[in-house]
Amino acid sequence: MTPQSRRSPRRRKNESLPILVIGLLAALIAWPFQRLFGSGRRRRLAIVIAAVVGAIVLAALVDAAASEGKIHAHVSVYGTDVGGLTVEQATERLRTTPLKAGTVTFTWQGRRWTISSKRLRAHLDATAAAQAAYDATRTGNPLGSSWSRAALWVGHRDVRPAVRFSQPAMRTRLDEVSRVVAVRPVQGGVSISGTRPVVRAAKDGRAVDRAAVLRLVGAAAVGGTHVTTALPTVVVKPVVSTAQAQSAADTARTWLSGPLRLTWQGHNWDLPAKELGQFMTFVSSTGDDPEFRATLDSPVTRGWFDYVTARVGRPGKDASFKVSRNGRHVKVKAGAPGYGVVPRKTIANMEAAAAKTGSARVAAAVFGRAPAELSYAEAAAMHITRRIATYTTGVSGTTNRLDNVQLGAQLLDGALIAPGKVFSVNATTGERTAAKGFKMAPTIINGKLEDSIGGGMCQVSTTVFNAAFEAGLQIVERHNHMLYISHYPLGRDATVSYGSYDLKFRNDTPDWILLKTSFSGWALTVSLYGTPLHRKVVSTTSNWYGFRPYTTDKQDDPTLAKGKTKVDTPGVSGQSIDCFRKVYDADGKLLWNDVFHSVYAMVPEVLLVGTKEKPKPTATPTPTPSGSSSAKPTTTPKPKPSPSKT
């Protein structure tokens, strides 16, 4: 029995009670009338009135008895008669009453979208519709419901509950329209330029009125109609208005009207107005009456408090995780609270002082117990106790490459991954820059090894990938290198590039995971620790396939002698390989059935062809004795006689 049908019997028990109450009230009213009007014509009139009221009450009682536990007669749902049926019977009848196919063409600024009720899988919720028909004469006050019943003695009522749609189909279609029509509102805001607040004006947005669209499509489904109408839209008001932004800017203008001094036990810290502007931010509260206000409670302020605490206080020490010598177990090492600036109270004092003028702009810093960010209890509650996976890769290359591998591993070391959260290599290390200490080292770029900042980081990501692979965790994002690298496991390399390629995996366990790294100079190890998972990982690798022999790209080289050739870039044939992984839980249930597809690109051979012509030989003049003429004789010398043969 459905929840709706279970509600109807409770209503049935009291259906006649309101009518009996009305009858009793009518009798009580008629009796004074009879006494008031006395005898004769007036008394007869009172009797007639009482009789009419009694007849109506009697008819209502008979009607209530006739429809006890049933939908009232002469009630239909979108034209389907359900009068006299129980909720269960009406539900079955309405299940066999399909809606018609209708369409609505919406127009907006020259654009048109036709939405079909059939495509959105328009349908009636038969149970809800039957319950609505049952409730049609039973809702409201007793007098109103009795009147509804009486109206049906001579009339008819068609109940029209909301038409339902397939949620995925509805969202997809309306999202297509919204991408063209919707405009996000511009929130009012304030930015600080030096010591001057700059107000950003708010602007209304626009959205598709989805409820109105669905009502129109639902009506088309009921009537089987095909109509064209303007697309209903609504104005979306910004949460922060221009007036609210202006009010916050007025506060900021007062706060930035001069320097502010923070004091504590003889220590003074002066904040010029320009620096104070960097401490300021603007926040919007939620609720029925949202507020937009200026505040000094910003990351910059809290970071400065850490600096002050480090100078004159004692920073708190976080709890940590200590790995055993064999690398298999983890214990929580207690931290220690510190003594330093209490942020909220100090910020409240600073804001109060900033609202003043002149020498009164002095705020007292509040010092107190500074708890560590991670307490022992919080660390213990993470249930990180044992190693769940580990992987090691050999490291080689230039000194710069080794330094990059070590730095990248250090940036990942100690990362804590909450249950359900995704770990990202790029998000954890941030952009690999020279300012962070990364150096120029060989990286594969367009099929060639070229030096770039952070070369070697892909070895770190590959080692992390394989540790997560062996732990049986969900791999969210992974990309193979452009070229196959033989010292990585087949099909299990993972390249990263900040802003594009990333390595991500999800902690799909109910407890936290700790990532630890160690670098020995010739090997990198990544280990994952958490609660024992007892997962079984089975992996296989396909044979190489999809061979693509490299082509040769000939390029003229004017510096190379004609007829000579030289290989500028060696060619690499393309090929593909698949790595399959199945992960089972402790009960043998299949958790993940993965295929890691690796396509290694074909890199053409670049062959330089010489075009430089060989130099032509030049005639060398015969030297002549000094002082003699070099002119050739003009007469032909006589031939010398030769001996004759005999």
# chains A, B, ... in the order shown; residues from 1 in each chain; ligands from 1
>>> select_by_dssp(residues="region 150-285 of chain A", states="strand (DSSP E or B)", output="ChimeraX atom specification")
/A:157-159,164,183,186,189-193,196-200,203,205-208,226-230,233-236,260-264,267-271,281-284
>>> write_last_selection(atoms="C-alpha atoms", output="JSON list (two decimals), in the first residue's frame")
[["chain", "number", "residue", "atom", "x", "y", "z"],
["A", 157, "ARG", "CA", -14.99, 18.72, -11.16],
["A", 158, "ASP", "CA", -11.89, 17.91, -13.18],
["A", 159, "VAL", "CA", -8.74, 17.66, -11.04],
["A", 164, "ARG", "CA", 5.76, 14.91, -14.19],
["A", 183, "VAL", "CA", 22.67, 35.83, -17.90],
["A", 186, "VAL", "CA", 26.52, 40.94, -11.51],
["A", 189, "GLY", "CA", 31.14, 44.63, -4.87],
["A", 190, "VAL", "CA", 34.04, 46.71, -3.63],
["A", 191, "SER", "CA", 37.73, 46.57, -4.49],
["A", 192, "ILE", "CA", 40.53, 48.52, -2.86],
["A", 193, "SER", "CA", 42.85, 50.61, -4.98],
["A", 196, "ARG", "CA", 40.42, 54.16, -2.14],
["A", 197, "PRO", "CA", 37.37, 51.85, -2.20],
["A", 198, "VAL", "CA", 36.00, 51.32, -5.71],
["A", 199, "VAL", "CA", 32.35, 50.24, -6.00],
["A", 200, "ARG", "CA", 31.23, 47.75, -8.62],
["A", 203, "LYS", "CA", 23.25, 44.28, -12.52],
["A", 205, "GLY", "CA", 20.48, 38.72, -14.47],
["A", 206, "ARG", "CA", 18.07, 36.64, -16.50],
["A", 207, "ALA", "CA", 16.97, 33.02, -16.25],
["A", 208, "VAL", "CA", 14.53, 30.71, -17.97],
["A", 226, "HIS", "CA", 1.11, 22.15, -30.67],
["A", 227, "VAL", "CA", 1.56, 25.81, -29.76],
["A", 228, "THR", "CA", 4.10, 28.58, -30.25],
["A", 229, "THR", "CA", 4.68, 31.10, -27.47],
["A", 230, "ALA", "CA", 7.28, 33.48, -26.10],
["A", 233, "THR", "CA", 11.93, 34.29, -18.40],
["A", 234, "VAL", "CA", 12.45, 35.77, -14.96],
["A", 235, "VAL", "CA", 14.69, 38.52, -13.69],
["A", 236, "VAL", "CA", 17.39, 37.28, -11.32],
["A", 260, "LEU", "CA", 46.33, 51.79, 12.58],
["A", 261, "ARG", "CA", 48.52, 50.66, 15.47],
["A", 262, "LEU", "CA", 48.38, 47.22, 17.09],
["A", 263, "THR", "CA", 49.91, 46.91, 20.59],
["A", 264, "TRP", "CA", 50.73, 44.12, 23.04],
["A", 267, "HIS", "CA", 55.26, 45.77, 21.29],
["A", 268, "ASN", "CA", 53.85, 48.05, 18.61],
["A", 269, "TRP", "CA", 53.02, 47.24, 15.00],
["A", 270, "ASP", "CA", 52.07, 50.14, 12.76],
["A", 271, "LEU", "CA", 49.93, 49.52, 9.70],
["A", 281, "THR", "CA", 38.03, 41.98, 2.40],
["A", 282, "PHE", "CA", 34.26, 42.03, 1.86],
["A", 283, "VAL", "CA", 31.87, 39.25, 2.80],
["A", 284, "SER", "CA", 28.20, 38.55, 2.17]]
>>> select_by_dssp(residues="region 175-375 of chain A", states="alpha helix (DSSP H)", output="ChimeraX atom specification")
/A:175-181,210-223,242-255,273-279,299-312,343-354
>>> atom_distance(atom1="CA of Ser576 (chain A)", atom2="CA of Val538 (chain A)")
20.8 Å
>>> closest_atom_pairs(of="region 221-318 of chain A", to="region 346-364 of chain A", cutoff="10 Å", atoms="only C-alpha atoms", output="tab-separated table")
residue	atom	partner	partner_atom	distance
A:Thr251	CA	A:Ala355	CA	7.8
A:Ala252	CA	A:Ala355	CA	9.0
A:Arg253	CA	A:Ala355	CA	9.6
A:Thr254	CA	A:Ala355	CA	6.1
A:Trp255	CA	A:Ala354	CA	4.6
A:Leu256	CA	A:Ala354	CA	7.5
A:Ser257	CA	A:Thr357	CA	7.8
A:Gly258	CA	A:Gly358	CA	7.5
A:Pro259	CA	A:Arg361	CA	7.4
A:Leu260	CA	A:Arg361	CA	5.4
A:Arg261	CA	A:Val362	CA	4.8
A:Leu262	CA	A:Ala363	CA	4.9
A:Thr263	CA	A:Ala364	CA	5.0
A:Trp264	CA	A:Ala364	CA	6.1
A:Gln265	CA	A:Ala364	CA	9.2
A:Asn268	CA	A:Ala364	CA	9.5
A:Trp269	CA	A:Val362	CA	9.9
A:Asp270	CA	A:Val362	CA	9.2
A:Ala273	CA	A:Ala354	CA	9.9
A:Leu276	CA	A:Ala354	CA	9.6
A:Ala294	CA	A:Glu351	CA	9.4
A:Thr295	CA	A:Glu351	CA	7.4
A:Leu296	CA	A:Ile347	CA	6.4
A:Asp297	CA	A:Ile347	CA	6.4
A:Ser298	CA	A:Ile347	CA	9.6
A:Thr301	CA	A:Ile347	CA	8.4
A:Arg302	CA	A:Ile347	CA	9.2
A:Phe305	CA	A:Thr346	CA	9.4
>>> atom_distance(atom1="CA of Asp125 (chain A)", atom2="CA of Gly223 (chain A)")
17.1 Å
>>> residues_around(residues="Ser116 (chain A)", least_positions_apart="4", cutoff="7 Å", atoms="only C-alpha atoms", output="list in words")
Gly102, Thr103, Val104 and Leu120 of chain A
>>> residues_around(residues="region 480-486 of chain A", least_positions_apart="3", cutoff="10 Å", atoms="only C-alpha atoms", output="VMD selection string")
chain A and resid 444 to 448 458 462 489 to 496 501 572 to 576 596 to 603
>>> write_last_selection(atoms="N, CA and C atoms", output="PDB file, in the first residue's frame")
ATOM      1  N   ILE A 444      60.055  15.908 -22.469  1.00  0.00           N
ATOM      2  CA  ILE A 444      59.605  15.563 -23.817  1.00  0.00           C
ATOM      3  C   ILE A 444      58.649  16.639 -24.301  1.00  0.00           C
ATOM      4  N   ILE A 445      59.042  17.362 -25.338  1.00  0.00           N
ATOM      5  CA  ILE A 445      58.220  18.407 -25.936  1.00  0.00           C
ATOM      6  C   ILE A 445      58.176  18.162 -27.436  1.00  0.00           C
ATOM      7  N   ASN A 446      56.965  17.886 -27.952  1.00  0.00           N
ATOM      8  CA  ASN A 446      56.772  17.620 -29.387  1.00  0.00           C
ATOM      9  C   ASN A 446      57.697  16.517 -29.887  1.00  0.00           C
ATOM     10  N   GLY A 447      57.846  15.493 -29.083  1.00  0.00           N
ATOM     11  CA  GLY A 447      58.626  14.338 -29.515  1.00  0.00           C
ATOM     12  C   GLY A 447      60.120  14.490 -29.351  1.00  0.00           C
ATOM     13  N   LYS A 448      60.576  15.593 -28.762  1.00  0.00           N
ATOM     14  CA  LYS A 448      62.007  15.811 -28.585  1.00  0.00           C
ATOM     15  C   LYS A 448      62.295  16.139 -27.121  1.00  0.00           C
ATOM     16  N   CYS A 458      57.410  14.332 -14.060  1.00  0.00           N
ATOM     17  CA  CYS A 458      56.582  13.222 -14.536  1.00  0.00           C
ATOM     18  C   CYS A 458      56.983  11.901 -13.872  1.00  0.00           C
ATOM     19  N   THR A 462      54.299   9.559 -12.070  1.00  0.00           N
ATOM     20  CA  THR A 462      54.210   8.148 -12.452  1.00  0.00           C
ATOM     21  C   THR A 462      54.313   7.250 -11.231  1.00  0.00           C
ATOM     22  N   PRO A 489      56.721   0.887 -15.976  1.00  0.00           N
ATOM     23  CA  PRO A 489      55.947  -0.312 -16.290  1.00  0.00           C
ATOM     24  C   PRO A 489      55.058  -0.086 -17.502  1.00  0.00           C
ATOM     25  N   LEU A 490      54.866  -1.129 -18.291  1.00  0.00           N
ATOM     26  CA  LEU A 490      54.126  -1.021 -19.552  1.00  0.00           C
ATOM     27  C   LEU A 490      52.731  -0.449 -19.321  1.00  0.00           C
ATOM     28  N   GLY A 491      52.425   0.656 -20.016  1.00  0.00           N
ATOM     29  CA  GLY A 491      51.093   1.238 -19.959  1.00  0.00           C
ATOM     30  C   GLY A 491      50.742   1.871 -18.634  1.00  0.00           C
ATOM     31  N   ARG A 492      51.731   2.108 -17.783  1.00  0.00           N
ATOM     32  CA  ARG A 492      51.426   2.637 -16.450  1.00  0.00           C
ATOM     33  C   ARG A 492      52.268   3.876 -16.132  1.00  0.00           C
ATOM     34  N   ASP A 493      52.575   4.667 -17.139  1.00  0.00           N
ATOM     35  CA  ASP A 493      53.237   5.943 -16.913  1.00  0.00           C
ATOM     36  C   ASP A 493      52.164   7.024 -16.786  1.00  0.00           C
ATOM     37  N   ALA A 494      52.513   8.147 -16.200  1.00  0.00           N
ATOM     38  CA  ALA A 494      51.545   9.229 -15.979  1.00  0.00           C
ATOM     39  C   ALA A 494      52.262  10.566 -16.063  1.00  0.00           C
ATOM     40  N   THR A 495      51.958  11.323 -17.100  1.00  0.00           N
ATOM     41  CA  THR A 495      52.605  12.622 -17.281  1.00  0.00           C
ATOM     42  C   THR A 495      51.749  13.723 -16.675  1.00  0.00           C
ATOM     43  N   VAL A 496      52.382  14.811 -16.285  1.00  0.00           N
ATOM     44  CA  VAL A 496      51.673  15.981 -15.770  1.00  0.00           C
ATOM     45  C   VAL A 496      52.241  17.230 -16.427  1.00  0.00           C
ATOM     46  N   TYR A 501      47.602  18.712 -18.314  1.00  0.00           N
ATOM     47  CA  TYR A 501      47.568  17.321 -17.855  1.00  0.00           C
ATOM     48  C   TYR A 501      47.786  17.241 -16.347  1.00  0.00           C
ATOM     49  N   VAL A 572      60.375   8.045 -34.484  1.00  0.00           N
ATOM     50  CA  VAL A 572      59.871   7.076 -33.508  1.00  0.00           C
ATOM     51  C   VAL A 572      58.539   6.552 -34.017  1.00  0.00           C
ATOM     52  N   SER A 573      58.412   5.258 -34.127  1.00  0.00           N
ATOM     53  CA  SER A 573      57.157   4.672 -34.588  1.00  0.00           C
ATOM     54  C   SER A 573      56.105   4.786 -33.493  1.00  0.00           C
ATOM     55  N   GLY A 574      54.856   5.018 -33.894  1.00  0.00           N
ATOM     56  CA  GLY A 574      53.759   5.087 -32.941  1.00  0.00           C
ATOM     57  C   GLY A 574      53.245   3.694 -32.611  1.00  0.00           C
ATOM     58  N   GLN A 575      52.720   3.524 -31.400  1.00  0.00           N
ATOM     59  CA  GLN A 575      52.166   2.242 -30.998  1.00  0.00           C
ATOM     60  C   GLN A 575      51.254   2.455 -29.796  1.00  0.00           C
ATOM     61  N   SER A 576      50.416   1.494 -29.528  1.00  0.00           N
ATOM     62  CA  SER A 576      49.448   1.597 -28.440  1.00  0.00           C
ATOM     63  C   SER A 576      49.499   0.345 -27.581  1.00  0.00           C
ATOM     64  N   PHE A 596      43.267   1.309 -18.867  1.00  0.00           N
ATOM     65  CA  PHE A 596      44.135   2.473 -19.048  1.00  0.00           C
ATOM     66  C   PHE A 596      44.744   2.383 -20.440  1.00  0.00           C
ATOM     67  N   HIS A 597      44.248   3.220 -21.313  1.00  0.00           N
ATOM     68  CA  HIS A 597      44.595   3.175 -22.735  1.00  0.00           C
ATOM     69  C   HIS A 597      45.751   4.143 -22.987  1.00  0.00           C
ATOM     70  N   SER A 598      46.840   3.647 -23.527  1.00  0.00           N
ATOM     71  CA  SER A 598      48.015   4.487 -23.806  1.00  0.00           C
ATOM     72  C   SER A 598      48.292   4.496 -25.302  1.00  0.00           C
ATOM     73  N   VAL A 599      48.343   5.672 -25.865  1.00  0.00           N
ATOM     74  CA  VAL A 599      48.670   5.844 -27.279  1.00  0.00           C
ATOM     75  C   VAL A 599      49.937   6.689 -27.356  1.00  0.00           C
ATOM     76  N   TYR A 600      51.000   6.079 -27.820  1.00  0.00           N
ATOM     77  CA  TYR A 600      52.275   6.785 -27.952  1.00  0.00           C
ATOM     78  C   TYR A 600      52.415   7.257 -29.393  1.00  0.00           C
ATOM     79  N   ALA A 601      52.687   8.526 -29.546  1.00  0.00           N
ATOM     80  CA  ALA A 601      52.620   9.161 -30.860  1.00  0.00           C
ATOM     81  C   ALA A 601      53.756   8.718 -31.773  1.00  0.00           C
ATOM     82  N   MET A 602      53.480   8.781 -33.062  1.00  0.00           N
ATOM     83  CA  MET A 602      54.505   8.606 -34.081  1.00  0.00           C
ATOM     84  C   MET A 602      55.191   9.958 -34.280  1.00  0.00           C
ATOM     85  N   VAL A 603      56.519   9.943 -34.208  1.00  0.00           N
ATOM     86  CA  VAL A 603      57.288  11.171 -34.406  1.00  0.00           C
ATOM     87  C   VAL A 603      58.067  11.037 -35.705  1.00  0.00           C
TER      88      VAL A 603
END
>>> atom_distance(atom1="CA of Val332 (chain A)", atom2="CA of Ala389 (chain A)")
19.0 Å
>>> residues_around(residues="Leu231 (chain A)", least_positions_apart="5", cutoff="10 Å", atoms="only C-alpha atoms", output="list in words")
Val104, Thr105, Phe106, Thr107, Trp108, Gln109, Arg111, Arg112, Trp113, Val177, Val181, Val208, Asp209, Arg210, Ala212 and Val213 of chain A
>>> write_last_selection(atoms="N, CA and C atoms", output="PDB file, in the first residue's frame")
ATOM      1  N   VAL A 104       5.601  22.383 -27.639  1.00  0.00           N
ATOM      2  CA  VAL A 104       5.549  23.831 -27.468  1.00  0.00           C
ATOM      3  C   VAL A 104       6.811  24.403 -28.096  1.00  0.00           C
ATOM      4  N   THR A 105       6.627  25.363 -28.992  1.00  0.00           N
ATOM      5  CA  THR A 105       7.767  26.055 -29.600  1.00  0.00           C
ATOM      6  C   THR A 105       7.933  27.396 -28.898  1.00  0.00           C
ATOM      7  N   PHE A 106       9.063  27.567 -28.270  1.00  0.00           N
ATOM      8  CA  PHE A 106       9.351  28.793 -27.530  1.00  0.00           C
ATOM      9  C   PHE A 106      10.229  29.697 -28.391  1.00  0.00           C
ATOM     10  N   THR A 107       9.923  30.971 -28.414  1.00  0.00           N
ATOM     11  CA  THR A 107      10.690  31.944 -29.191  1.00  0.00           C
ATOM     12  C   THR A 107      11.307  32.969 -28.252  1.00  0.00           C
ATOM     13  N   TRP A 108      12.504  33.409 -28.637  1.00  0.00           N
ATOM     14  CA  TRP A 108      13.199  34.431 -27.848  1.00  0.00           C
ATOM     15  C   TRP A 108      14.255  35.095 -28.714  1.00  0.00           C
ATOM     16  N   GLN A 109      14.036  36.379 -29.012  1.00  0.00           N
ATOM     17  CA  GLN A 109      14.990  37.193 -29.773  1.00  0.00           C
ATOM     18  C   GLN A 109      15.472  36.491 -31.040  1.00  0.00           C
ATOM     19  N   ARG A 111      15.401  33.387 -31.781  1.00  0.00           N
ATOM     20  CA  ARG A 111      15.740  31.973 -31.594  1.00  0.00           C
ATOM     21  C   ARG A 111      14.474  31.175 -31.324  1.00  0.00           C
ATOM     22  N   ARG A 112      14.496  29.882 -31.671  1.00  0.00           N
ATOM     23  CA  ARG A 112      13.336  29.014 -31.464  1.00  0.00           C
ATOM     24  C   ARG A 112      13.801  27.677 -30.893  1.00  0.00           C
ATOM     25  N   TRP A 113      13.045  27.180 -29.929  1.00  0.00           N
ATOM     26  CA  TRP A 113      13.293  25.844 -29.377  1.00  0.00           C
ATOM     27  C   TRP A 113      11.951  25.117 -29.308  1.00  0.00           C
ATOM     28  N   VAL A 177      18.633  25.480 -23.481  1.00  0.00           N
ATOM     29  CA  VAL A 177      18.018  26.795 -23.672  1.00  0.00           C
ATOM     30  C   VAL A 177      18.697  27.829 -22.780  1.00  0.00           C
ATOM     31  N   VAL A 181      20.092  31.809 -23.193  1.00  0.00           N
ATOM     32  CA  VAL A 181      19.242  32.878 -22.656  1.00  0.00           C
ATOM     33  C   VAL A 181      19.755  33.431 -21.329  1.00  0.00           C
ATOM     34  N   VAL A 208      15.730  31.335 -17.411  1.00  0.00           N
ATOM     35  CA  VAL A 208      14.530  30.713 -17.966  1.00  0.00           C
ATOM     36  C   VAL A 208      13.590  30.365 -16.813  1.00  0.00           C
ATOM     37  N   ASP A 209      12.329  30.725 -16.952  1.00  0.00           N
ATOM     38  CA  ASP A 209      11.330  30.369 -15.950  1.00  0.00           C
ATOM     39  C   ASP A 209      10.953  28.906 -16.172  1.00  0.00           C
ATOM     40  N   ARG A 210      11.709  28.029 -15.549  1.00  0.00           N
ATOM     41  CA  ARG A 210      11.560  26.596 -15.813  1.00  0.00           C
ATOM     42  C   ARG A 210      10.193  26.072 -15.397  1.00  0.00           C
ATOM     43  N   ALA A 212       7.360  27.693 -15.398  1.00  0.00           N
ATOM     44  CA  ALA A 212       6.372  28.111 -16.396  1.00  0.00           C
ATOM     45  C   ALA A 212       6.513  27.293 -17.676  1.00  0.00           C
ATOM     46  N   VAL A 213       7.749  27.016 -18.078  1.00  0.00           N
ATOM     47  CA  VAL A 213       7.975  26.194 -19.274  1.00  0.00           C
ATOM     48  C   VAL A 213       7.346  24.818 -19.098  1.00  0.00           C
TER      49      VAL A 213
END
>>> residues_around(residues="Pro510 (chain A)", least_positions_apart="6", cutoff="10 Å", atoms="only C-alpha atoms", output="ChimeraX atom specification")
/A:382-383,418-420,530-531,533
>>> write_last_selection(atoms="C-alpha atoms", output="PDB file, in the first residue's frame")
ATOM      1  CA  MET A 382      41.697   9.659  10.774  1.00  0.00           C
ATOM      2  CA  HIS A 383      42.453   5.947  11.448  1.00  0.00           C
ATOM      3  CA  ALA A 418      39.946  13.011   3.206  1.00  0.00           C
ATOM      4  CA  PRO A 419      37.365  10.292   2.476  1.00  0.00           C
ATOM      5  CA  GLY A 420      35.685  10.908  -0.858  1.00  0.00           C
ATOM      6  CA  GLY A 530      45.394   4.375   5.905  1.00  0.00           C
ATOM      7  CA  THR A 531      43.063   1.762   7.336  1.00  0.00           C
ATOM      8  CA  LEU A 533      41.546  -2.147   2.828  1.00  0.00           C
TER       9      LEU A 533
END
>>> residues_around(residues="Ala377 (chain A)", least_positions_apart="4", cutoff="12 Å", atoms="only C-alpha atoms", output="number ranges by chain")
A: 318-320, 332-336, 372-373, 381-383
